[in-house]
Amino acid sequence: MTAAAPRKRMSDRAEKATRLATASVVSAIPGLTGIVTGTPWLGYTSTGIVLAAILAGPVVERIRHRGD
């Protein structure tokens, strides 16, 4: 068997897009539930999920570029 080729590292833009798209999908569940049920704290929860994903960007970049 041959060894697998090393995977190419994800670009900064692709990592950001993946992080924000995942956060949006995850936050859509409590957000839509909050709209249907009229519960404001679910809306705040979904906003917090997206805000955490945005604020995690600089931390993720530092960790990714530490090994360079």
# chains A, B, ... in the order shown; residues from 1 in each chain; ligands from 1
$ residues_around --residues "Ala53 in chain A" --least-positions-apart "5" --cutoff "12 Å" --atoms "only C-alpha atoms" --output "PyMOL selection string"
chain A and resi 15-27+46-48+58-60
$ select_by_dssp --residues "range 2-68 of chain A" --states "helix (DSSP H, G or I)" --output "PyMOL selection string"
chain A and resi 12-37+40-66
$ write_last_selection --atoms "N, CA and C atoms" --output "compact mmCIF listing (two decimals), in the first residue's frame"
# COMPACT_ATOMS: atom_id res chain seq x y z
N ASP A 12 -7.03 30.70 4.35
CA ASP A 12 -7.66 31.51 5.39
C ASP A 12 -9.10 31.85 5.04
N ARG A 13 -9.33 32.17 3.78
CA ARG A 13 -10.68 32.54 3.34
C ARG A 13 -11.62 31.34 3.41
N ALA A 14 -11.13 30.17 3.03
CA ALA A 14 -11.97 28.97 3.07
C ALA A 14 -12.28 28.58 4.52
N GLU A 15 -11.31 28.75 5.41
CA GLU A 15 -11.54 28.43 6.82
C GLU A 15 -12.59 29.36 7.40
N LYS A 16 -12.51 30.64 7.08
CA LYS A 16 -13.48 31.61 7.59
C LYS A 16 -14.88 31.31 7.05
N ALA A 17 -14.97 31.00 5.77
CA ALA A 17 -16.27 30.69 5.18
C ALA A 17 -16.88 29.44 5.80
N THR A 18 -16.05 28.44 6.05
CA THR A 18 -16.54 27.20 6.68
C THR A 18 -17.02 27.47 8.10
N ARG A 19 -16.24 28.24 8.85
CA ARG A 19 -16.59 28.54 10.25
C ARG A 19 -17.90 29.32 10.32
N LEU A 20 -18.06 30.33 9.47
CA LEU A 20 -19.28 31.15 9.52
C LEU A 20 -20.50 30.42 8.97
N ALA A 21 -20.31 29.59 7.95
CA ALA A 21 -21.43 28.82 7.42
C ALA A 21 -21.92 27.79 8.44
N THR A 22 -20.98 27.15 9.13
CA THR A 22 -21.37 26.19 10.16
C THR A 22 -22.10 26.88 11.30
N ALA A 23 -21.59 28.02 11.73
CA ALA A 23 -22.25 28.77 12.81
C ALA A 23 -23.65 29.22 12.38
N SER A 24 -23.81 29.60 11.13
CA SER A 24 -25.12 30.03 10.65
C SER A 24 -26.13 28.89 10.64
N VAL A 25 -25.68 27.73 10.21
CA VAL A 25 -26.58 26.57 10.19
C VAL A 25 -26.96 26.17 11.61
N VAL A 26 -25.98 26.17 12.51
CA VAL A 26 -26.25 25.79 13.90
C VAL A 26 -27.17 26.81 14.57
N SER A 27 -26.97 28.09 14.29
CA SER A 27 -27.78 29.11 14.96
C SER A 27 -29.17 29.24 14.33
N ALA A 28 -29.37 28.70 13.15
CA ALA A 28 -30.69 28.77 12.52
C ALA A 28 -31.72 27.96 13.30
N ILE A 29 -31.29 26.89 13.93
CA ILE A 29 -32.23 26.03 14.65
C ILE A 29 -32.89 26.78 15.82
N PRO A 30 -32.11 27.33 16.77
CA PRO A 30 -32.79 28.08 17.84
C PRO A 30 -33.41 29.39 17.34
N GLY A 31 -32.83 29.99 16.30
CA GLY A 31 -33.38 31.23 15.79
C GLY A 31 -34.78 31.06 15.20
N LEU A 32 -34.93 30.06 14.36
CA LEU A 32 -36.25 29.81 13.77
C LEU A 32 -37.25 29.31 14.82
N THR A 33 -36.76 28.52 15.75
CA THR A 33 -37.64 28.07 16.84
C THR A 33 -38.11 29.26 17.67
N GLY A 34 -37.22 30.21 17.93
CA GLY A 34 -37.59 31.41 18.67
C GLY A 34 -38.61 32.26 17.94
N ILE A 35 -38.50 32.32 16.61
CA ILE A 35 -39.48 33.09 15.83
C ILE A 35 -40.84 32.42 15.88
N VAL A 36 -40.87 31.11 15.70
CA VAL A 36 -42.14 30.39 15.67
C VAL A 36 -42.83 30.44 17.03
N THR A 37 -42.07 30.25 18.11
CA THR A 37 -42.67 30.20 19.45
C THR A 37 -42.78 31.57 20.11
N PRO A 40 -37.95 35.24 22.94
CA PRO A 40 -36.83 36.10 22.59
C PRO A 40 -35.46 35.53 22.96
N TRP A 41 -35.37 34.76 24.03
CA TRP A 41 -34.05 34.28 24.45
C TRP A 41 -33.46 33.30 23.45
N LEU A 42 -34.30 32.62 22.67
CA LEU A 42 -33.75 31.76 21.62
C LEU A 42 -33.13 32.59 20.50
N GLY A 43 -33.69 33.74 20.23
CA GLY A 43 -33.09 34.65 19.26
C GLY A 43 -31.75 35.17 19.75
N TYR A 44 -31.68 35.50 21.03
CA TYR A 44 -30.42 35.95 21.60
C TYR A 44 -29.38 34.83 21.59
N THR A 45 -29.83 33.61 21.79
CA THR A 45 -28.91 32.47 21.75
C THR A 45 -28.33 32.30 20.34
N SER A 46 -29.16 32.40 19.34
CA SER A 46 -28.66 32.24 17.97
C SER A 46 -27.74 33.40 17.60
N THR A 47 -28.03 34.59 18.07
CA THR A 47 -27.14 35.73 17.83
C THR A 47 -25.80 35.51 18.53
N GLY A 48 -25.84 34.96 19.72
CA GLY A 48 -24.60 34.67 20.45
C GLY A 48 -23.74 33.63 19.76
N ILE A 49 -24.36 32.65 19.14
CA ILE A 49 -23.60 31.62 18.41
C ILE A 49 -22.85 32.25 17.23
N VAL A 50 -23.53 33.10 16.48
CA VAL A 50 -22.88 33.75 15.34
C VAL A 50 -21.80 34.71 15.81
N LEU A 51 -22.08 35.46 16.88
CA LEU A 51 -21.10 36.39 17.42
C LEU A 51 -19.85 35.66 17.93
N ALA A 52 -20.05 34.50 18.57
CA ALA A 52 -18.90 33.71 19.03
C ALA A 52 -18.06 33.21 17.86
N ALA A 53 -18.71 32.85 16.77
CA ALA A 53 -17.97 32.39 15.59
C ALA A 53 -17.16 33.53 14.97
N ILE A 54 -17.73 34.73 14.98
CA ILE A 54 -17.01 35.88 14.43
C ILE A 54 -15.82 36.24 15.32
N LEU A 55 -16.05 36.27 16.62
CA LEU A 55 -14.98 36.64 17.56
C LEU A 55 -13.90 35.57 17.68
N ALA A 56 -14.22 34.34 17.32
CA ALA A 56 -13.22 33.26 17.38
C ALA A 56 -12.23 33.34 16.23
N GLY A 57 -12.50 34.14 15.23
CA GLY A 57 -11.64 34.25 14.05
C GLY A 57 -10.20 34.58 14.35
N PRO A 58 -9.91 35.66 15.10
CA PRO A 58 -8.51 35.98 15.39
C PRO A 58 -7.79 34.90 16.20
N VAL A 59 -8.51 34.26 17.10
CA VAL A 59 -7.90 33.20 17.90
C VAL A 59 -7.53 32.01 17.02
N VAL A 60 -8.43 31.65 16.13
CA VAL A 60 -8.17 30.54 15.21
C VAL A 60 -6.98 30.85 14.30
N GLU A 61 -6.91 32.08 13.83
CA GLU A 61 -5.81 32.46 12.95
C GLU A 61 -4.46 32.40 13.67
N ARG A 62 -4.41 32.83 14.91
CA ARG A 62 -3.17 32.75 15.68
C ARG A 62 -2.73 31.31 15.85
N ILE A 63 -3.68 30.45 16.16
CA ILE A 63 -3.35 29.03 16.37
C ILE A 63 -2.88 28.42 15.06
N ARG A 64 -3.54 28.73 13.95
CA ARG A 64 -3.17 28.15 12.66
C ARG A 64 -1.80 28.61 12.20
N HIS A 65 -1.46 29.86 12.45
CA HIS A 65 -0.20 30.41 11.95
C HIS A 65 0.95 30.28 12.96
N ARG A 66 0.68 29.72 14.11
CA ARG A 66 1.74 29.52 15.10
C ARG A 66 2.77 28.50 14.61
